[in-house]
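So the structure is just underneath, and the comments pick up after that.
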Amino acid sequence: MSTHMKLGLSRSLKDTSPPQKESLSIQQVLEMFHSPYTEQLTDRKSEAIVRFCRQRSGGFLLEEIQELIEILRLSIAENNALMQPAIQKICETASVPFIKLRTSDQLKFVPKLSEFLDTLKPVLYSPQQESGSQQPELRMPVIKFLKCFAEEGISEIMKEEASFEQQKKQTELSPLQHLLKNGTRNLRALNQSNLIENIIFTMQHYSKQYEYLLPLLELISSCILYRDLAAKFSNFGILKDIVYVIFECEDFRSYIVKSCFEIIWNTIEAVGVASIKLFAVEDIISGLKKLFENIMKQGYKLEDKCLRNEILILLNYLMRDEKALQYFVDKPQAHTIQSQTNFLEVLLFYATIDEVTFYNEPIRTNQLKAFFGTTSEDLEFKKLIWSGILTAVQSGNQAVLEAVKESPFIITLLLYIDPLANSYAVNRWSPPQKKEIQLHCLGILGNAIVYLKDDFYEKNGLFCLTKFLTNTQELDHKERCLKAFNNASEFEQNYKIKICDEGVMDNLIEFLQNENDNDNPLKIKELCFSIISNLCKECNKNKKLFRQKGAVELMVNALKNPNLGTSARYALYAVSVLDCLWNTILGNRKSEAIFLDSEGLYVLLEFLETCDDMHKKLTLSCLSYLMENPKAIPYFCDWNSPKTMINSTQLLVKIYVGEDQRYGVKYSDGIVTNKLRPLNPQNDPSLRISNQHGDQKSKHMKSLRTQQEDLESDVGSEAYLVRRITEKSAEYDLRAIVFAILYRTGFDKNELLPNEKQMVEVIQLYPHFKIGEIWREIKYDLEQDKIKPTSDDYHWLMTSIEESEELVMNCMNTQGLIAREFRKVQEEELTKFYDIIRSNKLTK
């Protein structure tokens, strides 16, 4: 057949085919609602809408959204069954992403998406509306549309998140973090709409109809990935409704339960732990108890164990709330004996069941079987349930403490760290698992001992901790164990003696004497010094024990460390050393004598010369305390710096000068210039009014800085502590301590330069100058408050101020005399020098 014949045949077939309908525009569809010819023809309008939606099967155009809003609003307002296929078709087509033709569509039409969503509000359930006007037949299409609308773009973000995790980029926000902060275009539209409350009402209404409930949960699950939207849902109490949905599920393995828990965790992640405060209701706590017991009795699958652990995480959050915790310890109102067990007792039972069963049994028998396995999920469960009980203990609730004391909880934890124990409950774990459990036990015991110290001691806890510390070689085990002892060492004197009776002091001293940083790193030694300091604080028996162990020389060696006062890594370690020096040696004459004979005072002065500002206050305080011992004064007077050759008085004068500069004190030729406020010229009360606005601004900035630091405190606790100690040290006036030291040793015990002698004149009058400034502030405050003192009080006030001024003038005169004498000596020496030069010329 020729080509011409083929073309002719095809053309003839085309001519005989049925005519195609012309395409409709959205304006034509909208015109049908306003035209008097078609206004009442609902079927014609519905057919037109369906036909137009088929034309837009790939998605509506963004530029058509205003007309689409009007069509949808009018269609729903008709409330006619003939219009339902059209509304369903609109929802089906709108589930496909809207199409933008121009870049400007994003700015011009996207803001109208929230208005489009609001047109669907009458379809969703609302208790305020009449049931006849809600068109329940349309709810399922609307719910499915909203689900698709909320999910748009999230799957791509999840793929980007997986790629981001593989690249391990820590310097920028992940795609999920961007989603949490900024949301998607559709999630932002949902946030701006008025549908949130109606979505929740609809979920409540269909909580027992899973065909409706499942897409609603998926819709909510997508919405709460955006923080602002999650906050709205949380404020409307969505979590409380979600929990009730869980309770209504007959099978805890259902997909509904999993979806509900996913919503709970994502909401907590987005909004914060405070969002679960709505759970602090008795029926919710009792419902969780029933669900937990049901899973513990019937759950055996891996997914059951995961769900069990998720419930425990939720319970741990709840037990932080005081109101919710009370429902854990309250006895349920029931007649059966079994149901009289409260929720906390149930948790304590499952937290200790295997350890109680195999307490003295090294092997498993047919009669004795473990309730839990040794999978990672079982290990996680054990850690979670122990942590939850610790959270309850840390509340200080007496009912909780009594319940824990009566239970074998402490004995269970001690079983894992007791070197003498031989229980199947412990031995069945693999070495890595056992190590992980022991670390967790030590952390819990270290915190629980603060509230259960007597119960801990009665159950031989101090003995177990001491033996574990003696036998372990793991650094993380040592650190956790020492932290537990650090908390225990804060108690009264009798408890401190009990700790030392177990032999802890020997272990601590041994760790400090070991100079190998690999065996005992800086953090271990820091904890050792802290524990020894606490044990010896206000306990003479332990101070004597410390001295008898030959540990005074240990303190001297610690102070000799060249990094102690200069390295930032040693900042907190130096604080613990100085604190230990204060509590173990100072105040005990025999220990002080050994410290002095071991050149401890010399080492302390050398440390004072090189240490940074955060350590100067502590070091000066220790030095001042030591100077109360008369035997220390000769050592003080004999010291000279091996680096700069200055004597001890010159060192203190140097520190005093540095403090003067910090407080803005001015000198002219070595003579103090401010007669009225020679110590704190910047704190003149007359300047308060003029600086009031600046002070308020400074306080506001300080408050903001403090809030920022609190937020950063979790990032680096050590750096945070160093910063706070430095700030706290800056609040102290070191000049008072310098005066106290020189007052005990004498102001003229060492040779001084003329400028240093001038400073000593101010130092020895420090308390008198301070009193004078205080009297001036009192006088100023009385005048500002318009309070007139009695004649005798006023005379006393003015006399004190005049005496202070007289002392200042005498000090200035003495400083001037020293300056003149120094200039005179310089002139005489210069004259002699010139005379020698002249005589040499004449000789030549």
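The way I read the labels, and the way they are meant: chains A, B, ... in the order of the structure tokens, residue 1 as the first residue of every chain, and ligand 1 as the first ligand shown, with later ones counted on from there.
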
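Omitting A:Glu137 and its sequence neighbours fewer than 4 positions away, and counting only C-alpha atoms, the residues within 9 Å are Gln84, Val123 and Pro141 of chain A.
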
Inset, instruction - Would you mind listing what lies within 10 Å of stretch 655-665 of chain A as a PyMOL selection string, with only C-alpha atoms counted and same-chain residues fewer than 2 positions away left out? - result: chain A and resi 608-609+616+649-653+667+672-674+677-683+730+732-739+756+759-760+762-763

Inset, instruction - Name all residues at most 9 Å from A:Gln66 (count only C-alpha atoms; drop same-chain ones fewer than 5 positions away) and give them as a PyMOL selection string. - result: chain A and resi 71+109+112+115-116

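Here atom CA of A:Val50 is placed at a distance of 7.7 Å from atom CA of A:Ile90.
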
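Look at stretch 577-587 of chain A: the protein and nucleic acid residues within 7 Å of it, using only C-alpha atoms and passing over chain neighbours fewer than 4 places away, are Phe529, Ser530, Ile532, Ser533, Cys536, Lys537, Lys543, Met555, Tyr573, Ser591, Glu592, Leu618, Thr619, Cys622, Tyr625 and Leu626 of chain A.
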
Inset, instruction - Please provide as a VMD selection string all residues within 6 Å of stretch 349-361 of chain A, with the sequence filter that same-chain residues fewer than 5 positions apart are discarded (counting only C-alpha atoms). - result: chain A and resid 370 412 423 to 425

Please save all heavy atoms of the selected residues as a short mmCIF file (atom, residue, chain, number, x, y, z; two decimals), in the first residue's frame.
data_model
loop_
_atom_site.label_atom_id
_atom_site.label_comp_id
_atom_site.auth_asym_id
_atom_site.auth_seq_id
_atom_site.Cartn_x
_atom_site.Cartn_y
_atom_site.Cartn_z
N ALA A 370 15.21 -17.19 84.37
CA ALA A 370 15.31 -15.73 84.31
C ALA A 370 14.09 -15.16 83.58
O ALA A 370 13.63 -15.73 82.58
CB ALA A 370 16.59 -15.31 83.61
N THR A 412 20.13 -5.09 94.71
CA THR A 412 20.24 -5.51 93.31
C THR A 412 21.39 -4.78 92.62
O THR A 412 22.20 -5.40 91.90
CB THR A 412 18.92 -5.22 92.58
OG1 THR A 412 17.90 -6.05 93.12
CG2 THR A 412 19.05 -5.49 91.09
N SER A 423 26.53 -14.68 91.27
CA SER A 423 25.12 -14.88 90.94
C SER A 423 24.95 -15.06 89.44
O SER A 423 25.61 -14.38 88.64
CB SER A 423 24.29 -13.68 91.43
OG SER A 423 22.97 -13.77 90.95
N TYR A 424 24.05 -15.96 89.08
CA TYR A 424 23.75 -16.17 87.67
C TYR A 424 23.18 -14.91 87.04
O TYR A 424 23.41 -14.64 85.85
CB TYR A 424 22.76 -17.33 87.52
CG TYR A 424 22.26 -17.52 86.11
CD1 TYR A 424 23.07 -18.07 85.12
CD2 TYR A 424 20.97 -17.12 85.76
CE1 TYR A 424 22.61 -18.23 83.83
CE2 TYR A 424 20.49 -17.27 84.47
CZ TYR A 424 21.33 -17.82 83.50
OH TYR A 424 20.87 -17.98 82.20
N ALA A 425 22.45 -14.10 87.83
CA ALA A 425 21.87 -12.87 87.31
C ALA A 425 22.95 -11.93 86.79
O ALA A 425 22.70 -11.14 85.88
CB ALA A 425 21.05 -12.18 88.40
#

Inset, instruction - Find the residues near A:Arg320: any atom within 8 Å, counting only C-alpha atoms, skip ones fewer than 5 places away on the same chain, and give them as a PyMOL selection string. - result: chain A and resi 325+391-392+395

Go ahead and save the residues from that selection, with N, CA and C atoms, as a short mmCIF file (atom, residue, chain, number, x, y, z; two decimals), in the first residue's frame.
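Output file selection_21.cif follows:
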data_model
loop_
_atom_site.label_atom_id
_atom_site.label_comp_id
_atom_site.auth_asym_id
_atom_site.auth_seq_id
_atom_site.Cartn_x
_atom_site.Cartn_y
_atom_site.Cartn_z
N LEU A 325 4.16 12.00 89.88
CA LEU A 325 4.83 11.01 90.73
C LEU A 325 3.92 10.53 91.86
N THR A 391 15.05 8.56 89.25
CA THR A 391 14.34 9.83 89.09
C THR A 391 13.31 10.03 90.18
N ALA A 392 12.60 8.96 90.52
CA ALA A 392 11.62 9.05 91.61
C ALA A 392 12.30 9.30 92.94
N SER A 395 13.37 12.90 93.65
CA SER A 395 12.31 13.85 93.98
C SER A 395 12.26 14.12 95.49
#

Legend entry - Contacts of stretch 73-77 of chain A at 10 Å (only C-alpha atoms; same-chain gap of 5+ positions) as an NGL selection string: :A and (30 or 33 or 42 or 45-46 or 49 or 67-68 or 82-84 or 86-87 or 116 or 118-123 or 133-135 or 138)

Saved selection, atoms kept: N, CA, C and O atoms, as a CSV table (one decimal), in the first residue's frame:
chain,number,residue,atom,x,y,z
A,30,LEU,N,-16.5,28.6,37.6
A,30,LEU,CA,-16.9,29.6,38.6
A,30,LEU,C,-18.1,30.4,38.2
A,30,LEU,O,-19.1,30.6,39.0
A,33,PHE,N,-21.7,29.0,39.0
A,33,PHE,CA,-22.2,29.3,40.3
A,33,PHE,C,-22.9,30.6,40.4
A,33,PHE,O,-23.8,30.8,41.3
A,42,THR,N,-27.4,21.9,40.1
A,42,THR,CA,-26.3,21.3,40.9
A,42,THR,C,-25.5,20.2,40.2
A,42,THR,O,-24.3,20.2,40.2
A,45,LYS,N,-23.2,21.7,37.6
A,45,LYS,CA,-22.0,22.3,38.2
A,45,LYS,C,-21.0,21.2,38.7
A,45,LYS,O,-19.8,21.3,38.5
A,46,SER,N,-21.6,20.2,39.3
A,46,SER,CA,-20.7,19.1,39.7
A,46,SER,C,-20.0,18.4,38.6
A,46,SER,O,-18.8,18.1,38.7
A,49,ILE,N,-17.2,20.6,37.5
A,49,ILE,CA,-16.0,20.6,38.4
A,49,ILE,C,-15.2,19.3,38.1
A,49,ILE,O,-14.0,19.3,38.1
A,67,GLU,N,-9.7,31.3,42.5
A,67,GLU,CA,-11.0,30.8,41.9
A,67,GLU,C,-11.3,29.4,42.5
A,67,GLU,O,-12.5,29.1,42.8
A,68,LEU,N,-10.3,28.6,42.8
A,68,LEU,CA,-10.5,27.3,43.3
A,68,LEU,C,-11.1,27.4,44.8
A,68,LEU,O,-12.0,26.6,45.2
A,82,LEU,N,-25.5,15.8,45.5
A,82,LEU,CA,-25.0,15.8,44.1
A,82,LEU,C,-23.6,16.5,44.0
A,82,LEU,O,-22.9,16.2,43.0
A,83,MET,N,-23.3,17.3,45.0
A,83,MET,CA,-22.0,18.1,44.9
A,83,MET,C,-20.8,17.3,45.5
A,83,MET,O,-19.7,17.6,45.3
A,84,GLN,N,-21.2,16.2,46.2
A,84,GLN,CA,-20.1,15.5,46.9
A,84,GLN,C,-19.0,14.9,45.9
A,84,GLN,O,-17.8,14.9,46.2
A,86,ALA,N,-18.0,16.1,43.2
A,86,ALA,CA,-17.1,17.2,42.8
A,86,ALA,C,-16.1,17.6,43.9
A,86,ALA,O,-14.9,17.8,43.6
A,87,ILE,N,-16.6,17.7,45.1
A,87,ILE,CA,-15.7,18.0,46.2
A,87,ILE,C,-14.6,16.9,46.4
A,87,ILE,O,-13.5,17.2,46.7
A,116,PHE,N,-7.2,28.4,51.4
A,116,PHE,CA,-7.7,27.2,50.7
A,116,PHE,C,-8.0,26.1,51.7
A,116,PHE,O,-9.1,25.4,51.7
A,118,ASP,N,-8.7,26.5,54.9
A,118,ASP,CA,-9.8,26.9,55.8
A,118,ASP,C,-11.1,26.6,55.2
A,118,ASP,O,-12.1,26.5,55.9
A,119,THR,N,-11.2,26.6,53.8
A,119,THR,CA,-12.5,26.3,53.2
A,119,THR,C,-13.0,24.9,53.5
A,119,THR,O,-14.2,24.6,53.4
A,120,LEU,N,-12.1,24.0,53.9
A,120,LEU,CA,-12.4,22.6,54.3
A,120,LEU,C,-12.9,22.5,55.7
A,120,LEU,O,-13.3,21.4,56.1
A,121,LYS,N,-12.8,23.5,56.5
A,121,LYS,CA,-13.1,23.4,57.9
A,121,LYS,C,-14.5,22.9,58.2
A,121,LYS,O,-14.7,22.1,59.1
A,122,PRO,N,-15.6,23.4,57.4
A,122,PRO,CA,-16.9,22.9,57.7
A,122,PRO,C,-17.1,21.4,57.5
A,122,PRO,O,-18.0,20.8,58.1
A,123,VAL,N,-16.2,20.8,56.8
A,123,VAL,CA,-16.3,19.3,56.5
A,123,VAL,C,-15.8,18.5,57.7
A,123,VAL,O,-16.4,17.5,58.0
A,133,SER,N,-24.9,19.7,59.0
A,133,SER,CA,-24.2,20.6,58.1
A,133,SER,C,-22.7,20.2,58.0
A,133,SER,O,-22.0,20.9,57.3
A,134,GLN,N,-22.4,19.0,58.5
A,134,GLN,CA,-21.0,18.7,58.5
A,134,GLN,C,-20.6,17.8,57.4
A,134,GLN,O,-19.4,17.6,57.1
A,135,GLN,N,-21.6,17.2,56.7
A,135,GLN,CA,-21.3,16.3,55.6
A,135,GLN,C,-20.2,15.2,55.9
A,135,GLN,O,-19.1,15.3,55.4
A,138,LEU,N,-17.9,13.4,53.3
A,138,LEU,CA,-16.8,14.1,52.7
A,138,LEU,C,-15.5,14.1,53.6
A,138,LEU,O,-14.5,14.5,53.2

Inset, instruction - If you run DSSP over the backbone, which residues in stretch 534-649 of chain A end up helix (DSSP H, G or I)? Put them as number ranges by chain. - result: A: 534-536, 540-548, 552-559, 568-584, 589-597, 600-610, 613-626, 632-638, 648-649

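Distances from A:Leu742, A:Ile410, A:Val243, A:Leu146 to A:Phe636 were compared using only C-alpha atoms, and the smallest one belongs to A:Leu742.
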
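Of the residues under consideration (A:Ala274, A:Leu797, A:Ile531, A:Ile725), A:Ile531 shows the shortest atom-to-atom contact distance to A:Lys483 when counting only C-alpha atoms.
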
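Proximity ranking of A:Leu318, A:Phe372, A:Pro97, A:Leu807 relative to A:Lys297 places A:Phe372 first, based on only C-alpha atoms.
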
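Checking A:Met627, A:Cys539, A:Val722, A:Leu572 one by one against A:Leu527, counting only C-alpha atoms, you find the shortest gap at A:Leu572.
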
Inset, instruction - Take atom CA of A:Gln815 and atom CA of A:Gln758 and report the distance between them in Å, one decimal. - result: 5.1 Å

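For the atom pair formed by atom CA of A:Phe60 and atom CA of A:Arg188, the distance is 19.1 Å, given to one decimal.
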